[in-house]
Amino acid sequence: MENTNQYTNELINESSPYLLQHAHNPVNWLPWGDKALNLAKQTNKPIIISIGYAACHWCHVMENESFEDAAVAKFMNANYICIKVDREERPDVDQIYMNAIHQLGASGGWPLNALALPDGTPFYAVTYMAKKNWLRLLQYFHDLYRFEKQRLLSQAEHISSGFSQNEYVGFGNEIKSFDNLAVYDISKKFETLVDNLYGGMSGSPKFPMPNIYQYLLRDYFFNKNASTLEAVDLTLQRMLEGGIYDQIGGGFSRYSTDNKWIVPHFEKMLYDNAQLVSLYSEAYEQTKNENYKRIVYETSNFIQTELSNSDGAFYSSLDADSEGKEGSYYTWRFDDLKKIIDEENFPLFSKIFSISKYGNWEGKNILTLNHNLAGIERDFDISKDDLWMKISEYKDILLAERNKREKPRLDNKIICSWNALMLQAYIDAYRAFGDSEFLKIAIKNAKFIRTKFIQKDHSILRTSESKVQGFLDDYAFTIEAFISLYEITFEENYLNEALNLCKYVIAHFQSSDSSLFYYTSDNDKQLIARLTEVADNVIPSSNSVLGKSLFKLGEYFAKHEYKVMAEKMLSRVYQNMKSNPAYFSNWAILNLMFTYPLYQFGIIGKNSAIIRDEITKTFTPNVIFFGGSKNHSKLPLMDSKPIDSEINIYVCSNGTCQLPVQTAKEALRLIGLNGR
């Protein structure tokens, strides 16, 4: 087919949907790599490094205003070497220039536009700018580069020196032991941070931050502080009722722009939905709240319908925009709803979904679920079962209507770490509900990861389409998921794969002077700095995830040195974790693992799978599982444990096992729990 586009640049040869979106800009974009950097050095031009991702609303706005404008492009092409970066494909590059904008005292975000010397060292960085201001900025720095270059060189030197100076700022020295005093301090800190009216952390915008609530679930498990579980319940209930949750099609948006979870930033990311499936599954294990089960199943249906392929892989995201407007796919005009829902049903429908004539966002309605459904049952004289039948009926009607609209753009990039998060989500869903379909999906995805991402030398690729080498999060989340997959299958090949990946990480990512691990491998081409990801954010940090897996692998393979590594990692961030737990919540989970007793459940015999699935429906964050029905195990934990019985359950701790029992309830009772 003949190319009818007026412009085509070198991004046309890339696999990233985000880069391909910019392939027909009049800007002469180049992908990140040696060619672009060498060209900058040869021509002695400064660089524009523009970083974004496919679902980013403000990235689209800046593209439409500036990067598609011929006059703007002409100035950029004449005076700069222009590089486009997909932050999800190259988070290492994004990390460098996000660090730069923070050192300049500005808030980060996307699009992230860094101006750099020909060698890539940044001297300035900004996020979105309107066209007029963008041109003015480029002209200003173009003149500085020509006539006062030393000023830019000094600024670049100041920023680059800050990379190394700030790398381990605030990291403490190693400590010798952990105790529950830190747990108490962290719990008290979280009590001051939680929004007691709408859930989540106080203020706006509100991000789901699933790992915080996974920590609080564990804190409640160990300490039975009622306010901790109340904070989780309030948050999860308000999120599932709010506009951040797609009441029609399932799945969560990235965050809420307000403090009530009503108005989302409409992009839907795989990593958010994966973590929220895990969170709601664990919360269901604790509470048996049927709403949480519904959310897991509806979100899984969204993932399978919108973000999955036939090979078992998961795509990255759905755009915030469609038809050129943010949120147009998800919002409803009052008059249109009155035409879609018949007159008899409209009063009940509008009450259920909080519909108003004036809307709740820009004159339109974002559907939210009424918090007081019991009151609606009473006011409309309808039973709970009949009300939910009506809710389901209304959803089907609106979904059919919405399917006629132009859908948001799909980023079909397949990222290793995000797929591992989704794999973990299906494992957690299987543990909570015992649905074999969840296990089937998990095993299929694990096969995809092993086939498409993991190489023969146990290195990992970042995406399934490019040859970008994996980063620490790709390894950490895959290791964690494969350990978990072993625990629900007792297939030791998953555990052995996790061990081999861990050995690779230790060989190629470990920093000798910090007890932590770099984000990039020593096999990667070095950037201007080699940074370490430590703080837990919307996704837990790769170091905290790896620390938890080192702890578990140390237990499984009797590798004491692995647990020592995890202990040293935690000790380096211990003070940060205590003072600012919202950004160290996954580290706080690792702290719980060191603070409270850990049990090993050996479930061995012909009926091991049945008993294992029965036990794992109970929330047991203080237990790791091993076992099986075949006599081929090489795990140290399986030594001297006969497998010729129908079932034996060994409850072990500190290297000592109690006499075996034969039922799930007996095993759970030995650690002070009642099986559900």
# chains A, B, ... in the order shown; residues from 1 in each chain; ligands from 1
call {"tool": "residues_around", "arguments": {"residues": "Leu485 (chain A)", "least_positions_apart": "3", "cutoff": "12 Å", "atoms": "only C-alpha atoms", "output": "PyMOL selection string"}}
result
chain A and resi 420+423-431+438-447+478-482+488-498+624-626
call {"tool": "residues_around", "arguments": {"residues": "region 18-27 of chain A", "least_positions_apart": "5", "cutoff": "10 Å", "atoms": "only C-alpha atoms", "output": "JSON, numbers by chain"}}
result
{"A": [5, 6, 7, 8, 9, 10, 11, 12, 13, 51, 52, 53, 54, 55, 56, 59, 60, 63, 64, 66, 67, 68, 69, 70, 71, 72, 73, 74, 75, 76, 77, 78, 81, 82, 83, 84, 85, 86, 87, 88, 89, 411, 412, 413]}
call {"tool": "write_last_selection", "arguments": {"atoms": "C-alpha atoms", "output": "short mmCIF file (atom, residue, chain, number, x, y, z; two decimals), in the first residue's frame"}}
result
data_model
loop_
_atom_site.label_atom_id
_atom_site.label_comp_id
_atom_site.auth_asym_id
_atom_site.auth_seq_id
_atom_site.Cartn_x
_atom_site.Cartn_y
_atom_site.Cartn_z
CA ASN A 5 1.97 10.34 4.97
CA GLN A 6 3.76 13.59 4.22
CA TYR A 7 6.60 12.82 6.65
CA THR A 8 8.35 9.65 7.77
CA ASN A 9 11.30 9.46 10.15
CA GLU A 10 13.47 6.62 11.42
CA LEU A 11 11.02 5.61 14.12
CA ILE A 12 9.11 3.77 11.39
CA ASN A 13 11.55 0.86 11.87
CA ILE A 51 10.33 10.55 26.69
CA GLY A 52 6.76 9.31 26.96
CA TYR A 53 4.52 6.29 26.59
CA ALA A 54 1.61 5.25 24.39
CA ALA A 55 -1.24 5.81 26.87
CA CYS A 56 -0.02 9.24 28.03
CA CYS A 59 2.22 13.24 25.46
CA HIS A 60 -0.49 13.29 22.80
CA GLU A 63 2.67 15.91 19.95
CA ASN A 64 -0.41 17.55 18.42
CA SER A 66 4.39 20.95 18.75
CA PHE A 67 5.79 17.79 17.21
CA GLU A 68 3.26 17.74 14.37
CA ASP A 69 3.79 21.43 13.66
CA ALA A 70 6.07 21.95 10.65
CA ALA A 71 7.54 25.23 11.92
CA VAL A 72 8.40 23.80 15.33
CA ALA A 73 9.86 20.69 13.68
CA LYS A 74 11.98 22.83 11.35
CA PHE A 75 13.60 24.60 14.30
CA MET A 76 14.14 21.37 16.21
CA ASN A 77 15.67 19.62 13.19
CA ALA A 78 18.00 22.51 12.36
CA ILE A 81 19.41 16.06 17.39
CA CYS A 82 15.97 14.78 18.33
CA ILE A 83 15.56 11.45 20.13
CA LYS A 84 12.27 9.78 21.06
CA VAL A 85 12.18 7.26 23.93
CA ASP A 86 9.44 4.90 25.09
CA ARG A 87 9.90 5.02 28.86
CA GLU A 88 8.35 1.57 29.24
CA GLU A 89 10.81 0.03 26.80
CA ASP A 411 -0.26 -0.39 23.31
CA ASN A 412 0.40 -3.99 22.35
CA LYS A 413 3.97 -3.93 23.61
#
call {"tool": "select_by_dssp", "arguments": {"residues": "region 598-669 of chain A", "states": "strand (DSSP E or B)", "output": "MDAnalysis selection string"}}
result
chainID A and resid 599:604 623:628 648:653 656:657 661
call {"tool": "residues_around", "arguments": {"residues": "Ala125 (chain A)", "least_positions_apart": "2", "cutoff": "6 Å", "atoms": "only C-alpha atoms", "output": "PyMOL selection string"}}
result
chain A and resi 101+113-115
call {"tool": "closest_atom_pairs", "arguments": {"of": "region 486-591 of chain A", "to": "region 257-272 of chain A", "cutoff": "12 Å", "atoms": "only C-alpha atoms", "output": "CSV"}}
result
residue,atom,partner,partner_atom,distance
A:Asn537,CA,A:Asp272,CA,11.4
A:Val538,CA,A:Asp272,CA,7.7
A:Ile539,CA,A:Tyr271,CA,7.5
A:Pro540,CA,A:Tyr271,CA,10.6
call {"tool": "atom_distance", "arguments": {"atom1": "CA of Asp119 (chain A)", "atom2": "CA of Asp34 (chain A)"}}
result
10.3 Å
call {"tool": "residues_around", "arguments": {"residues": "Gly672 (chain A)", "least_positions_apart": "2", "cutoff": "12 Å", "atoms": "only C-alpha atoms", "output": "list in words"}}
result
Phe221, Phe222, Pro597, Tyr599, Thr620, Asn622, Val651, Lys665, Glu666, Ala667, Leu668, Arg669, Leu670, Asn674 and Gly675 of chain A
call {"tool": "write_last_selection", "arguments": {"atoms": "N, CA and C atoms", "output": "JSON list (two decimals), in the first residue's frame"}}
result
[["chain", "number", "residue", "atom", "x", "y", "z"],
["A", 221, "PHE", "N", -2.70, -9.13, 59.96],
["A", 221, "PHE", "CA", -2.56, -10.56, 60.20],
["A", 221, "PHE", "C", -1.71, -10.81, 61.44],
["A", 222, "PHE", "N", -0.61, -10.10, 61.57],
["A", 222, "PHE", "CA", 0.30, -10.34, 62.69],
["A", 222, "PHE", "C", -0.14, -9.65, 63.98],
["A", 597, "PRO", "N", 7.83, -15.08, 63.10],
["A", 597, "PRO", "CA", 8.19, -16.46, 62.77],
["A", 597, "PRO", "C", 7.71, -16.87, 61.38],
["A", 599, "TYR", "N", 6.98, -20.16, 58.80],
["A", 599, "TYR", "CA", 6.73, -21.60, 58.80],
["A", 599, "TYR", "C", 6.87, -22.14, 57.39],
["A", 620, "THR", "N", -2.06, -16.68, 54.46],
["A", 620, "THR", "CA", -0.94, -17.16, 55.26],
["A", 620, "THR", "C", 0.36, -16.53, 54.80],
["A", 622, "ASN", "N", 2.86, -15.83, 56.45],
["A", 622, "ASN", "CA", 3.99, -16.32, 57.25],
["A", 622, "ASN", "C", 4.33, -17.76, 56.92],
["A", 651, "VAL", "N", 4.57, -29.33, 59.37],
["A", 651, "VAL", "CA", 4.66, -27.92, 59.73],
["A", 651, "VAL", "C", 6.02, -27.71, 60.40],
["A", 665, "LYS", "N", -7.09, -28.19, 58.31],
["A", 665, "LYS", "CA", -7.44, -27.54, 59.56],
["A", 665, "LYS", "C", -6.42, -27.83, 60.65],
["A", 666, "GLU", "N", -5.96, -29.08, 60.72],
["A", 666, "GLU", "CA", -4.97, -29.43, 61.73],
["A", 666, "GLU", "C", -3.67, -28.66, 61.50],
["A", 667, "ALA", "N", -3.25, -28.55, 60.24],
["A", 667, "ALA", "CA", -2.00, -27.84, 59.93],
["A", 667, "ALA", "C", -2.11, -26.37, 60.29],
["A", 668, "LEU", "N", -3.21, -25.74, 59.92],
["A", 668, "LEU", "CA", -3.39, -24.33, 60.21],
["A", 668, "LEU", "C", -3.49, -24.09, 61.71],
["A", 669, "ARG", "N", -4.11, -25.03, 62.40],
["A", 669, "ARG", "CA", -4.25, -24.89, 63.85],
["A", 669, "ARG", "C", -2.88, -24.90, 64.54],
["A", 670, "LEU", "N", -1.93, -25.60, 63.96],
["A", 670, "LEU", "CA", -0.59, -25.67, 64.55],
["A", 670, "LEU", "C", 0.12, -24.32, 64.52],
["A", 674, "ASN", "N", -7.38, -20.71, 62.02],
["A", 674, "ASN", "CA", -8.51, -21.57, 61.70],
["A", 674, "ASN", "C", -8.72, -21.57, 60.20],
["A", 675, "GLY", "N", -8.71, -22.71, 59.57],
["A", 675, "GLY", "CA", -8.93, -22.79, 58.12],
["A", 675, "GLY", "C", -10.33, -22.37, 57.76]]
